[in-house]
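As structure tokens, the structure follows; a few thoughts come after it.
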Amino acid sequence: MPTFRAPRGTRDLLPAERAPMVRLEQVAGELAARYGYHPIETPAFEQAAVFERGIGEVTDVVEKELFFVGAREEESERWALRPEPTAGIARAYVQHGMQTWPQPVKVTMTGSMFRYDRPQAGRYRQFWQFDVEAIGDPGPAVDAEIIELAARFYREVGLSDVTILLNSIGDPACRPAYLEELTAYYRRHEARLPPLERERLARNPLRILDSKDPAVADINAGAPVATERLCDACATHFEAVREHLAALGVAYRLEPRLVRGLDYYTRTTFEVFPAWAAGQQSAVGGGGRYDGLIELMGGRPTPGIGFGIGLDRVLLALQEQPARIDAAEAILAPEPAPLAVVVGSDPADTATRLRLATELRGAGLAVRAELGRRKLGKQLEAAARDGAHFAVIAGDELAAGQVQLRDLEAGTQRPTPLANLARELQRAARTHHHGLEDD
Ligand code: AMP
């Protein structure tokens with residue numbers, strides 16, 4: 001047993017996982033850029049109040065799942081690791097006066113989030129999200145634009161069959177009456193509510209709708225739904241979101257009980273699931289509108305909408321997905337092998353091998369140098385094991401400005417002047433199937 005292990009609920013992303021995740025981030029980043037989003041980065045921790053006020057005191061994320069950062073005694077501030085990106089971005093929007101920028105401000109962020117949750121499959125204490133936010137546009141068109149962006153992301157990474165669940169949860173004009181009705185309904189069934197849900201009833205009844213407890217499922221089935229009690233303005237907004245989605249050909253399913261785990265949401269909310277797994281743990285992304293959040297952060301009333309992709313979950317889903325999809329294979333592909341390995345007949349002459357490799361790398365090629373001091377035969381075996389296509393063999397003819405260029409797959413080799421080496425390898429790299437990029 002090793003002395004130290006990664007903390008419970010966290011894991012090391014080894015190259016076989018981190019490389020595919022970087023590819024997901026690249027696809028998402030390029031896609032969002034096409035839609036006019038720009039990357040930003042906020043700190044991994046904030047004053048705890050940013051999350052308490054933004055996300056809501058009576059939510060699981062704040063009540064139970066915040067990771068507090070141990071401040072030194074001389075600091076009076078309380079900090080917490082970010083459990084999600086939106087509250088920090090809203091704080092930054094206000095701090096930097098982004099309301100004076102052209103609206104909406106469209107940003108993306110990618111990084112790890114932290115929730116002190118009970119670890120289980122697909123639920124980690126540190127996980128990765130790619131996030132898009134459009135702040136300053138009341139919608140409804142931008143709502144549809146963001147949902148279409150989300151749908152396209154899953155399609156582009158080869159997650160072939162996802163279901164988008166859509167709901168509207170109203171706003172401060174209509175939610176109080178709805179909450180009252182919901183509370184009255186649960187009061188009538190209070191005797192059958194488990195203790196945790198009974199406690200929620202007093203503090204935040206919406207949370208009961210979101211409950212994972214099977215004992216509550218049949219009570220929830222008869223609960224009043226927000227969509228049927230929207231005020232005129234919210235109903236009109238929701239209708240228009242749906243019209244825009246229809247015009248874009250985006251398929252979704254109405255889910256009147258979708259409330260989402262954070263308080264700041266208003267009106268449009270949505271969540272995305274792989275079609276073959278609709279359980280709570282399998283959501284691969286979710287988002288919604290948060291028209292009151294900027295004001296909570298001390299800014300002028302400003303509408304906003306955002307969406308977070310759960311990158312860990314997308315990877316899991318791609319691995320589990322029954323269908324074989326080329327785009328998914330490309331995301332999950334192992335890291336490409338080096339195009340060539342520089343080996344040499346004089347085991348001790350590491351300087352020459354390193355110099356040749358350095359020149360080829362300077363020419364943009366993926367080249368490994370054999371820096372061990374084993375015999376040429378062993379060096380060539382290692383190069384073949386690497387999956388390299390070529391070996392560049394430095395030997396006596398180096399004095400005459402030549403190396404042997406060996407095609408490890410064909411088993412052929414020919415003398416090649418150093419002056420042509422990079423060009424020949426570049427040509428070979430273009431014409432051979434090598435790693436991800438094929439032309
Ligand atoms: P949420 O804001 O909770 O809906 O989170 C957005 C997305 O992040 C979810 O749809 C999940 O894909 C992912 N996610 C949330 N919590 C976790 C977690 N503890 N571990 C892994 N992924 C998570």
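In the structure tokens, the first chain shown is A, the next is B, and so on; residue numbers restart at 1 for each chain, and ligands run from 1 in the order shown.
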
Residues flagged strand (DSSP E or B) by DSSP in region 309-396 of chain A, as a list in words: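 Those in region 309-396 of chain A that DSSP calls strand (DSSP E or B) are Ile309, Gly310, Ala340, Val341, Val342, Val343, Gly344, Val367, Arg368, Ala369, Phe390, Ala391, Val392, Ile393 and Ala394 of chain A.
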
Contacts to ligand 1 at 9 Å cut-off (only C-alpha atoms and all ligand atoms) as a VMD selection string: chain A and resid 9 61 83 to 86 113 to 131 260 to 262 270 to 273 280 to 287 307 to 314

Test item: residues at most 7 Å from Ala340 (chain A), only C-alpha atoms, excluding those fewer than 2 positions along its chain, as a list in words: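 The contact residues come out as Pro338, Val342, Val367, Arg368, Ala388, His389, Phe390, Ala391 and Val392 of chain A.
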
Store the residues of this selection in a file with all heavy atoms, as a PDB file, in the first residue's frame.
```pdb
ATOM      1  N   PRO A 338       4.905   8.816 -31.053  1.00  0.00           N
ATOM      2  CA  PRO A 338       5.778   9.749 -31.770  1.00  0.00           C
ATOM      3  C   PRO A 338       5.920   9.315 -33.226  1.00  0.00           C
ATOM      4  O   PRO A 338       5.810   8.132 -33.535  1.00  0.00           O
ATOM      5  CB  PRO A 338       7.122   9.623 -31.030  1.00  0.00           C
ATOM      6  CG  PRO A 338       7.058   8.338 -30.293  1.00  0.00           C
ATOM      7  CD  PRO A 338       5.604   8.067 -30.022  1.00  0.00           C
ATOM      8  N   VAL A 342      14.735   8.982 -32.437  1.00  0.00           N
ATOM      9  CA  VAL A 342      16.130   9.102 -32.867  1.00  0.00           C
ATOM     10  C   VAL A 342      16.962   8.119 -32.051  1.00  0.00           C
ATOM     11  O   VAL A 342      16.993   8.200 -30.821  1.00  0.00           O
ATOM     12  CB  VAL A 342      16.660  10.536 -32.678  1.00  0.00           C
ATOM     13  CG1 VAL A 342      18.100  10.637 -33.190  1.00  0.00           C
ATOM     14  CG2 VAL A 342      15.759  11.534 -33.390  1.00  0.00           C
ATOM     15  N   VAL A 367       8.814  13.873 -31.982  1.00  0.00           N
ATOM     16  CA  VAL A 367       9.971  12.985 -32.071  1.00  0.00           C
ATOM     17  C   VAL A 367      10.487  12.692 -30.668  1.00  0.00           C
ATOM     18  O   VAL A 367      10.623  13.592 -29.848  1.00  0.00           O
ATOM     19  CB  VAL A 367      11.085  13.665 -32.905  1.00  0.00           C
ATOM     20  CG1 VAL A 367      12.352  12.832 -32.881  1.00  0.00           C
ATOM     21  CG2 VAL A 367      10.607  13.873 -34.335  1.00  0.00           C
ATOM     22  N   ARG A 368      10.761  11.417 -30.399  1.00  0.00           N
ATOM     23  CA  ARG A 368      11.385  11.057 -29.124  1.00  0.00           C
ATOM     24  C   ARG A 368      12.858  10.814 -29.376  1.00  0.00           C
ATOM     25  O   ARG A 368      13.247  10.317 -30.442  1.00  0.00           O
ATOM     26  CB  ARG A 368      10.732   9.787 -28.569  1.00  0.00           C
ATOM     27  CG  ARG A 368      11.309   9.343 -27.227  1.00  0.00           C
ATOM     28  CD  ARG A 368      10.510   8.210 -26.610  1.00  0.00           C
ATOM     29  NE  ARG A 368      10.733   6.915 -27.241  1.00  0.00           N
ATOM     30  CZ  ARG A 368      11.804   6.147 -27.026  1.00  0.00           C
ATOM     31  NH1 ARG A 368      12.774   6.546 -26.217  1.00  0.00           N
ATOM     32  NH2 ARG A 368      11.921   4.984 -27.625  1.00  0.00           N
ATOM     33  N   ALA A 388       6.241   4.124 -32.863  1.00  0.00           N
ATOM     34  CA  ALA A 388       6.780   5.129 -33.793  1.00  0.00           C
ATOM     35  C   ALA A 388       6.796   4.559 -35.204  1.00  0.00           C
ATOM     36  O   ALA A 388       7.000   3.364 -35.403  1.00  0.00           O
ATOM     37  CB  ALA A 388       8.189   5.526 -33.370  1.00  0.00           C
ATOM     38  N   HIS A 389       6.579   5.428 -36.139  1.00  0.00           N
ATOM     39  CA  HIS A 389       6.580   4.970 -37.530  1.00  0.00           C
ATOM     40  C   HIS A 389       8.003   4.855 -38.072  1.00  0.00           C
ATOM     41  O   HIS A 389       8.309   3.990 -38.881  1.00  0.00           O
ATOM     42  CB  HIS A 389       5.757   5.931 -38.381  1.00  0.00           C
ATOM     43  CG  HIS A 389       5.263   5.302 -39.643  1.00  0.00           C
ATOM     44  ND1 HIS A 389       3.942   4.994 -39.849  1.00  0.00           N
ATOM     45  CD2 HIS A 389       5.927   4.871 -40.746  1.00  0.00           C
ATOM     46  CE1 HIS A 389       3.810   4.409 -41.025  1.00  0.00           C
ATOM     47  NE2 HIS A 389       4.992   4.327 -41.592  1.00  0.00           N
ATOM     48  N   PHE A 390       8.863   5.765 -37.621  1.00  0.00           N
ATOM     49  CA  PHE A 390      10.235   5.812 -38.155  1.00  0.00           C
ATOM     50  C   PHE A 390      11.271   5.782 -37.049  1.00  0.00           C
ATOM     51  O   PHE A 390      11.009   6.232 -35.937  1.00  0.00           O
ATOM     52  CB  PHE A 390      10.451   7.096 -38.955  1.00  0.00           C
ATOM     53  CG  PHE A 390       9.578   7.190 -40.171  1.00  0.00           C
ATOM     54  CD1 PHE A 390       8.385   7.897 -40.120  1.00  0.00           C
ATOM     55  CD2 PHE A 390       9.941   6.565 -41.356  1.00  0.00           C
ATOM     56  CE1 PHE A 390       7.562   7.971 -41.234  1.00  0.00           C
ATOM     57  CE2 PHE A 390       9.126   6.633 -42.472  1.00  0.00           C
ATOM     58  CZ  PHE A 390       7.933   7.340 -42.414  1.00  0.00           C
ATOM     59  N   ALA A 391      12.438   5.273 -37.406  1.00  0.00           N
ATOM     60  CA  ALA A 391      13.621   5.479 -36.570  1.00  0.00           C
ATOM     61  C   ALA A 391      14.622   6.286 -37.393  1.00  0.00           C
ATOM     62  O   ALA A 391      14.831   5.999 -38.583  1.00  0.00           O
ATOM     63  CB  ALA A 391      14.217   4.150 -36.147  1.00  0.00           C
ATOM     64  N   VAL A 392      15.167   7.291 -36.762  1.00  0.00           N
ATOM     65  CA  VAL A 392      16.266   8.039 -37.376  1.00  0.00           C
ATOM     66  C   VAL A 392      17.532   7.478 -36.740  1.00  0.00           C
ATOM     67  O   VAL A 392      17.703   7.570 -35.522  1.00  0.00           O
ATOM     68  CB  VAL A 392      16.135   9.547 -37.079  1.00  0.00           C
ATOM     69  CG1 VAL A 392      17.364  10.308 -37.549  1.00  0.00           C
ATOM     70  CG2 VAL A 392      14.862  10.103 -37.701  1.00  0.00           C
TER      71      VAL A 392
END
```

Picked from region 350-383 of chain A by DSSP as helix (DSSP H, G or I), as a ChimeraX atom specification: /A:350-362,376-383

Selection to disk with N, CA and C atoms, as a PDB file, in the first residue's frame:
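Dumped to again.pdb:
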```
ATOM      1  N   THR A 350      24.531  10.314 -26.372  1.00  0.00           N
ATOM      2  CA  THR A 350      23.177  10.860 -26.177  1.00  0.00           C
ATOM      3  C   THR A 350      23.076  12.284 -26.716  1.00  0.00           C
ATOM      4  N   ALA A 351      24.197  13.012 -26.704  1.00  0.00           N
ATOM      5  CA  ALA A 351      24.153  14.425 -27.126  1.00  0.00           C
ATOM      6  C   ALA A 351      23.706  14.536 -28.583  1.00  0.00           C
ATOM      7  N   THR A 352      24.248  13.656 -29.450  1.00  0.00           N
ATOM      8  CA  THR A 352      23.875  13.719 -30.864  1.00  0.00           C
ATOM      9  C   THR A 352      22.392  13.385 -31.043  1.00  0.00           C
ATOM     10  N   ARG A 353      21.925  12.330 -30.354  1.00  0.00           N
ATOM     11  CA  ARG A 353      20.519  11.936 -30.512  1.00  0.00           C
ATOM     12  C   ARG A 353      19.591  13.060 -30.039  1.00  0.00           C
ATOM     13  N   LEU A 354      19.981  13.676 -28.926  1.00  0.00           N
ATOM     14  CA  LEU A 354      19.149  14.758 -28.401  1.00  0.00           C
ATOM     15  C   LEU A 354      19.156  15.962 -29.352  1.00  0.00           C
ATOM     16  N   ARG A 355      20.328  16.247 -29.921  1.00  0.00           N
ATOM     17  CA  ARG A 355      20.424  17.390 -30.839  1.00  0.00           C
ATOM     18  C   ARG A 355      19.556  17.159 -32.085  1.00  0.00           C
ATOM     19  N   LEU A 356      19.645  15.953 -32.667  1.00  0.00           N
ATOM     20  CA  LEU A 356      18.841  15.669 -33.868  1.00  0.00           C
ATOM     21  C   LEU A 356      17.347  15.761 -33.558  1.00  0.00           C
ATOM     22  N   ALA A 357      16.958  15.190 -32.419  1.00  0.00           N
ATOM     23  CA  ALA A 357      15.533  15.246 -32.054  1.00  0.00           C
ATOM     24  C   ALA A 357      15.087  16.684 -31.846  1.00  0.00           C
ATOM     25  N   THR A 358      15.972  17.484 -31.231  1.00  0.00           N
ATOM     26  CA  THR A 358      15.620  18.878 -30.952  1.00  0.00           C
ATOM     27  C   THR A 358      15.376  19.642 -32.253  1.00  0.00           C
ATOM     28  N   GLU A 359      16.218  19.367 -33.252  1.00  0.00           N
ATOM     29  CA  GLU A 359      16.032  20.050 -34.549  1.00  0.00           C
ATOM     30  C   GLU A 359      14.700  19.652 -35.185  1.00  0.00           C
ATOM     31  N   LEU A 360      14.397  18.363 -35.113  1.00  0.00           N
ATOM     32  CA  LEU A 360      13.137  17.892 -35.717  1.00  0.00           C
ATOM     33  C   LEU A 360      11.934  18.443 -34.961  1.00  0.00           C
ATOM     34  N   ARG A 361      12.039  18.516 -33.643  1.00  0.00           N
ATOM     35  CA  ARG A 361      10.942  19.112 -32.860  1.00  0.00           C
ATOM     36  C   ARG A 361      10.770  20.569 -33.243  1.00  0.00           C
ATOM     37  N   GLY A 362      11.916  21.236 -33.465  1.00  0.00           N
ATOM     38  CA  GLY A 362      11.863  22.637 -33.889  1.00  0.00           C
ATOM     39  C   GLY A 362      11.133  22.780 -35.214  1.00  0.00           C
ATOM     40  N   LEU A 376      22.076  -0.439 -29.973  1.00  0.00           N
ATOM     41  CA  LEU A 376      21.194  -0.016 -31.068  1.00  0.00           C
ATOM     42  C   LEU A 376      19.992  -0.949 -31.238  1.00  0.00           C
ATOM     43  N   GLY A 377      20.253  -2.264 -31.188  1.00  0.00           N
ATOM     44  CA  GLY A 377      19.158  -3.237 -31.360  1.00  0.00           C
ATOM     45  C   GLY A 377      18.050  -3.008 -30.348  1.00  0.00           C
ATOM     46  N   LYS A 378      18.426  -2.790 -29.098  1.00  0.00           N
ATOM     47  CA  LYS A 378      17.432  -2.540 -28.038  1.00  0.00           C
ATOM     48  C   LYS A 378      16.726  -1.204 -28.262  1.00  0.00           C
ATOM     49  N   GLN A 379      17.499  -0.220 -28.720  1.00  0.00           N
ATOM     50  CA  GLN A 379      16.897   1.097 -28.988  1.00  0.00           C
ATOM     51  C   GLN A 379      15.802   0.972 -30.061  1.00  0.00           C
ATOM     52  N   LEU A 380      16.102   0.179 -31.103  1.00  0.00           N
ATOM     53  CA  LEU A 380      15.124   0.001 -32.191  1.00  0.00           C
ATOM     54  C   LEU A 380      13.883  -0.753 -31.690  1.00  0.00           C
ATOM     55  N   GLU A 381      14.128  -1.740 -30.823  1.00  0.00           N
ATOM     56  CA  GLU A 381      12.975  -2.479 -30.274  1.00  0.00           C
ATOM     57  C   GLU A 381      12.075  -1.530 -29.488  1.00  0.00           C
ATOM     58  N   ALA A 382      12.700  -0.664 -28.684  1.00  0.00           N
ATOM     59  CA  ALA A 382      11.907   0.275 -27.875  1.00  0.00           C
ATOM     60  C   ALA A 382      11.138   1.235 -28.776  1.00  0.00           C
ATOM     61  N   ALA A 383      11.779   1.648 -29.878  1.00  0.00           N
ATOM     62  CA  ALA A 383      11.110   2.565 -30.811  1.00  0.00           C
ATOM     63  C   ALA A 383       9.872   1.894 -31.403  1.00  0.00           C
TER      64      ALA A 383
END
```

One-decimal distance in Å that lies between CA of Asp349 (chain A) and CA of Ala399 (chain A):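 Taking CA of Ala399 (chain A) as the start and CA of Asp349 (chain A) as the end point, the length is 13.7 Å.
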
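By only C-alpha atoms, and with residues fewer than 5 positions from region 15-17 of chain A along its chain excluded, the set lying at most 10 Å from it is Val22, Asp312, Leu315, Leu332, Ala333, Pro334 and Glu335 of chain A.
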
Could you save those same residues with all heavy atoms as a compact mmCIF listing (two decimals), in the first residue's frame?
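File out.txt, as written:
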```txt
# COMPACT_ATOMS: atom_id res chain seq x y z
N VAL A 22 -9.15 16.87 -22.22
CA VAL A 22 -8.64 18.06 -22.90
C VAL A 22 -9.28 18.17 -24.28
O VAL A 22 -9.65 19.26 -24.73
CB VAL A 22 -7.10 18.01 -23.00
CG1 VAL A 22 -6.58 19.09 -23.95
CG2 VAL A 22 -6.47 18.17 -21.62
N ASP A 312 -16.49 14.93 -16.56
CA ASP A 312 -16.25 13.55 -16.08
C ASP A 312 -17.38 12.63 -16.55
O ASP A 312 -17.15 11.51 -16.99
CB ASP A 312 -16.24 13.51 -14.54
CG ASP A 312 -15.39 14.59 -13.93
OD1 ASP A 312 -15.79 15.78 -14.04
OD2 ASP A 312 -14.36 14.28 -13.35
N LEU A 315 -17.27 11.81 -20.27
CA LEU A 315 -16.30 10.74 -20.55
C LEU A 315 -16.87 9.38 -20.17
O LEU A 315 -16.76 8.43 -20.95
CB LEU A 315 -15.01 10.98 -19.76
CG LEU A 315 -13.99 11.92 -20.40
CD1 LEU A 315 -12.72 11.92 -19.58
CD2 LEU A 315 -13.69 11.50 -21.83
N LEU A 332 -11.80 9.42 -27.34
CA LEU A 332 -11.27 8.44 -26.40
C LEU A 332 -9.95 7.83 -26.86
O LEU A 332 -9.35 7.05 -26.12
CB LEU A 332 -12.29 7.31 -26.18
CG LEU A 332 -13.62 7.73 -25.54
CD1 LEU A 332 -14.59 6.56 -25.51
CD2 LEU A 332 -13.40 8.26 -24.13
N ALA A 333 -9.50 8.18 -28.07
CA ALA A 333 -8.31 7.53 -28.64
C ALA A 333 -7.10 7.72 -27.73
O ALA A 333 -6.97 8.74 -27.05
CB ALA A 333 -8.01 8.13 -30.01
N PRO A 334 -6.22 6.70 -27.68
CA PRO A 334 -4.99 6.88 -26.92
C PRO A 334 -4.15 8.00 -27.52
O PRO A 334 -4.35 8.38 -28.67
CB PRO A 334 -4.27 5.53 -27.05
CG PRO A 334 -5.02 4.74 -28.06
CD PRO A 334 -6.31 5.42 -28.37
N GLU A 335 -3.24 8.52 -26.72
CA GLU A 335 -2.36 9.57 -27.22
C GLU A 335 -1.57 9.06 -28.42
O GLU A 335 -1.13 7.91 -28.42
CB GLU A 335 -1.39 9.97 -26.11
CG GLU A 335 -2.04 10.84 -25.06
CD GLU A 335 -2.24 12.25 -25.54
OE1 GLU A 335 -3.22 12.53 -26.25
OE2 GLU A 335 -1.40 13.10 -25.21
```
